[in-house]
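Remarks on the structure that follows.
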Amino acid sequence: MYAVFKTGGKQYRGKIGDRLHIEKIDVTEGNIFNFEQVLLIGEGTEIKVGSPFLEDVKVSAKVLVQGRGKKIKVVKFKRRTNYRRTKGHRQHYTEIEIISILDESKTKLSIKDPEIKVAKKKATKKKATKKKATKKKATKKKVTKKKVAKKVTTKKEGKK
């Protein structure tokens, strides 16, 4: 039997007896810790998937070591300015050993729930109907005629 559980923003897959390095949890060495955010359990071909978590399922693990990982060098660099910075970082981790995977739903219910069969609808293919292309009629734009200004003639007074 194996389980997929979530802790520290990551998901881990493990079975009974596995040793895992996980993100640091605040539990002293030697104590037992229960993971209640179980996403999936499986045994053989039978798989239970939660949405998002399975209820009544716990993964129990024993804390073996609280430690720090290898040192990672972090380098900051800017060109042409003689700017270089180096830092080191060591990530904290917890090493655990999975002791048990408890599915309390199986222990509570010994009678199997009757399965409800739902008839699946067959997908029917829709026939594509051809659309007739309609010709667009050109609309005539009304042209406004400009009014021509009348010429004003003045009489010349020089001739009598």
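Just so we're on the same page: first chain in the structure tokens is A, next is B, and so on; residues restart at 1 for each chain, and ligands are numbered from 1 in the order they show up.
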Problem set entry | Selection: 6 Å around region 53-60 of chain A, only C-alpha atoms, excl. self and same-chain fewer than 5 positions, as number ranges by chain | A: 33-39, 99-105
Restrict the selected residues to C-alpha atoms and save them as a PDB file, in the first residue's frame.
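Now in again.pdb:
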ATOM      1  CA  PHE A  33       3.713  12.683  13.423  1.00  0.00           C
ATOM      2  CA  ASN A  34       0.443  12.184  11.472  1.00  0.00           C
ATOM      3  CA  PHE A  35      -0.057  13.619   7.992  1.00  0.00           C
ATOM      4  CA  GLU A  36      -3.766  14.261   7.442  1.00  0.00           C
ATOM      5  CA  GLN A  37      -3.576  15.858   3.991  1.00  0.00           C
ATOM      6  CA  VAL A  38      -3.583  12.594   2.037  1.00  0.00           C
ATOM      7  CA  LEU A  39      -4.272  13.039  -1.670  1.00  0.00           C
ATOM      8  CA  ILE A  99       5.170   3.621   9.953  1.00  0.00           C
ATOM      9  CA  SER A 100       1.578   3.119   8.861  1.00  0.00           C
ATOM     10  CA  ILE A 101      -1.104   4.207   6.421  1.00  0.00           C
ATOM     11  CA  LEU A 102      -4.490   4.157   8.149  1.00  0.00           C
ATOM     12  CA  ASP A 103      -7.687   4.062   6.128  1.00  0.00           C
ATOM     13  CA  GLU A 104     -10.335   4.494   8.833  1.00  0.00           C
ATOM     14  CA  SER A 105     -13.171   4.327   6.308  1.00  0.00           C
TER      15      SER A 105
END
Any idea what's packed within 8 Å of Glu23 (chain A), counting only C-alpha atoms, ignoring anything in its chain fewer than 3 positions away? Could you give it as a PDB file with C-alpha atoms, in the first residue's frame?
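Output (part34.pdb):
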ATOM      1  CA  THR A   7       3.371  18.730   3.508  1.00  0.00           C
ATOM      2  CA  GLY A   8       5.435  21.901   3.240  1.00  0.00           C
ATOM      3  CA  HIS A  92      16.539  22.652   6.942  1.00  0.00           C
ATOM      4  CA  TYR A  93      14.938  19.238   6.469  1.00  0.00           C
ATOM      5  CA  THR A  94      13.299  16.472   8.469  1.00  0.00           C
TER       6      THR A  94
END
Exercise. Just how far from CA of Val63 (chain A) is CA of Gln91 (chain A), in Å to one decimal?
Worked result: 17.2 Å
For this session: Could you please write out, as a PyMOL selection string, every residue of chain A that DSSP assigns to helix (DSSP H, G or I)?
Result: chain A and resi 104-108
For this session: Check the DSSP output for the backbone and give back, as an NGL selection string, the residues of chain A in strand (DSSP E or B).
Result: :A and (2-7 or 10-15 or 19-23 or 32-35 or 38-43 or 46-49 or 57-68 or 72-78 or 83-89 or 92-103)
Could you please take those selected residues and save C-alpha atoms as a PDB file, in the first residue's frame?
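Writing the result to out.pdb gives the following:
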ATOM      1  CA  TYR A   2       1.300   3.447  -0.900  1.00  0.00           C
ATOM      2  CA  ALA A   3       0.073   6.975  -0.266  1.00  0.00           C
ATOM      3  CA  VAL A   4       0.589  10.447  -1.704  1.00  0.00           C
ATOM      4  CA  PHE A   5       0.476  13.129   0.973  1.00  0.00           C
ATOM      5  CA  LYS A   6       1.120  16.856   1.110  1.00  0.00           C
ATOM      6  CA  THR A   7       3.371  18.730   3.508  1.00  0.00           C
ATOM      7  CA  LYS A  10       5.118  19.669  -1.751  1.00  0.00           C
ATOM      8  CA  GLN A  11       3.693  16.228  -2.441  1.00  0.00           C
ATOM      9  CA  TYR A  12       5.439  13.012  -1.440  1.00  0.00           C
ATOM     10  CA  ARG A  13       4.767   9.386  -2.380  1.00  0.00           C
ATOM     11  CA  GLY A  14       5.692   6.723   0.108  1.00  0.00           C
ATOM     12  CA  LYS A  15       4.888   3.253   1.365  1.00  0.00           C
ATOM     13  CA  ARG A  19      12.526   7.037   4.506  1.00  0.00           C
ATOM     14  CA  LEU A  20      11.865  10.504   3.110  1.00  0.00           C
ATOM     15  CA  HIS A  21      13.534  13.916   3.365  1.00  0.00           C
ATOM     16  CA  ILE A  22      10.744  16.485   3.723  1.00  0.00           C
ATOM     17  CA  GLU A  23      10.586  20.199   4.517  1.00  0.00           C
ATOM     18  CA  ILE A  32       5.435  10.200  15.732  1.00  0.00           C
ATOM     19  CA  PHE A  33       3.713  12.683  13.423  1.00  0.00           C
ATOM     20  CA  ASN A  34       0.443  12.184  11.472  1.00  0.00           C
ATOM     21  CA  PHE A  35      -0.057  13.619   7.992  1.00  0.00           C
ATOM     22  CA  VAL A  38      -3.583  12.594   2.037  1.00  0.00           C
ATOM     23  CA  LEU A  39      -4.272  13.039  -1.670  1.00  0.00           C
ATOM     24  CA  LEU A  40      -4.272   9.433  -2.847  1.00  0.00           C
ATOM     25  CA  ILE A  41      -3.874   5.889  -1.557  1.00  0.00           C
ATOM     26  CA  GLY A  42      -3.403   2.782  -3.617  1.00  0.00           C
ATOM     27  CA  GLU A  43      -2.997  -0.931  -3.192  1.00  0.00           C
ATOM     28  CA  GLU A  46      -7.247  -0.312  -6.422  1.00  0.00           C
ATOM     29  CA  ILE A  47      -6.738   3.452  -6.118  1.00  0.00           C
ATOM     30  CA  LYS A  48      -8.640   6.031  -4.064  1.00  0.00           C
ATOM     31  CA  VAL A  49      -8.288   9.652  -5.106  1.00  0.00           C
ATOM     32  CA  VAL A  57      -7.046   8.598   5.951  1.00  0.00           C
ATOM     33  CA  LYS A  58      -3.817   9.304   7.841  1.00  0.00           C
ATOM     34  CA  VAL A  59      -0.161   8.612   7.233  1.00  0.00           C
ATOM     35  CA  SER A  60       1.850   8.084  10.432  1.00  0.00           C
ATOM     36  CA  ALA A  61       5.589   8.680  10.382  1.00  0.00           C
ATOM     37  CA  LYS A  62       8.404   8.624  12.906  1.00  0.00           C
ATOM     38  CA  VAL A  63      10.812  11.575  12.922  1.00  0.00           C
ATOM     39  CA  LEU A  64      14.363  10.252  12.601  1.00  0.00           C
ATOM     40  CA  VAL A  65      16.572  13.313  12.027  1.00  0.00           C
ATOM     41  CA  GLN A  66      16.201  17.092  12.042  1.00  0.00           C
ATOM     42  CA  GLY A  67      19.056  18.304   9.868  1.00  0.00           C
ATOM     43  CA  ARG A  68      20.420  20.751   7.342  1.00  0.00           C
ATOM     44  CA  ILE A  72      24.407  26.053  -1.805  1.00  0.00           C
ATOM     45  CA  LYS A  73      26.347  29.097  -3.012  1.00  0.00           C
ATOM     46  CA  VAL A  74      24.268  32.046  -4.146  1.00  0.00           C
ATOM     47  CA  VAL A  75      26.141  34.554  -6.334  1.00  0.00           C
ATOM     48  CA  LYS A  76      25.049  38.080  -7.245  1.00  0.00           C
ATOM     49  CA  PHE A  77      26.985  39.711 -10.047  1.00  0.00           C
ATOM     50  CA  LYS A  78      26.728  42.958 -11.997  1.00  0.00           C
ATOM     51  CA  TYR A  83      30.115  44.149  -7.932  1.00  0.00           C
ATOM     52  CA  ARG A  84      30.230  40.545  -6.717  1.00  0.00           C
ATOM     53  CA  ARG A  85      28.461  39.059  -3.689  1.00  0.00           C
ATOM     54  CA  THR A  86      28.427  35.446  -2.560  1.00  0.00           C
ATOM     55  CA  LYS A  87      26.222  33.936   0.116  1.00  0.00           C
ATOM     56  CA  GLY A  88      25.719  30.433   1.357  1.00  0.00           C
ATOM     57  CA  HIS A  89      22.415  28.725   2.156  1.00  0.00           C
ATOM     58  CA  HIS A  92      16.539  22.652   6.942  1.00  0.00           C
ATOM     59  CA  TYR A  93      14.938  19.238   6.469  1.00  0.00           C
ATOM     60  CA  THR A  94      13.299  16.472   8.469  1.00  0.00           C
ATOM     61  CA  GLU A  95      13.971  12.821   7.749  1.00  0.00           C
ATOM     62  CA  ILE A  96      10.981  10.588   8.450  1.00  0.00           C
ATOM     63  CA  GLU A  97      10.144   6.901   8.209  1.00  0.00           C
ATOM     64  CA  ILE A  98       6.578   5.960   7.318  1.00  0.00           C
ATOM     65  CA  ILE A  99       5.170   3.621   9.953  1.00  0.00           C
ATOM     66  CA  SER A 100       1.578   3.119   8.861  1.00  0.00           C
ATOM     67  CA  ILE A 101      -1.104   4.207   6.421  1.00  0.00           C
ATOM     68  CA  LEU A 102      -4.490   4.157   8.149  1.00  0.00           C
ATOM     69  CA  ASP A 103      -7.687   4.062   6.128  1.00  0.00           C
TER      70      ASP A 103
END
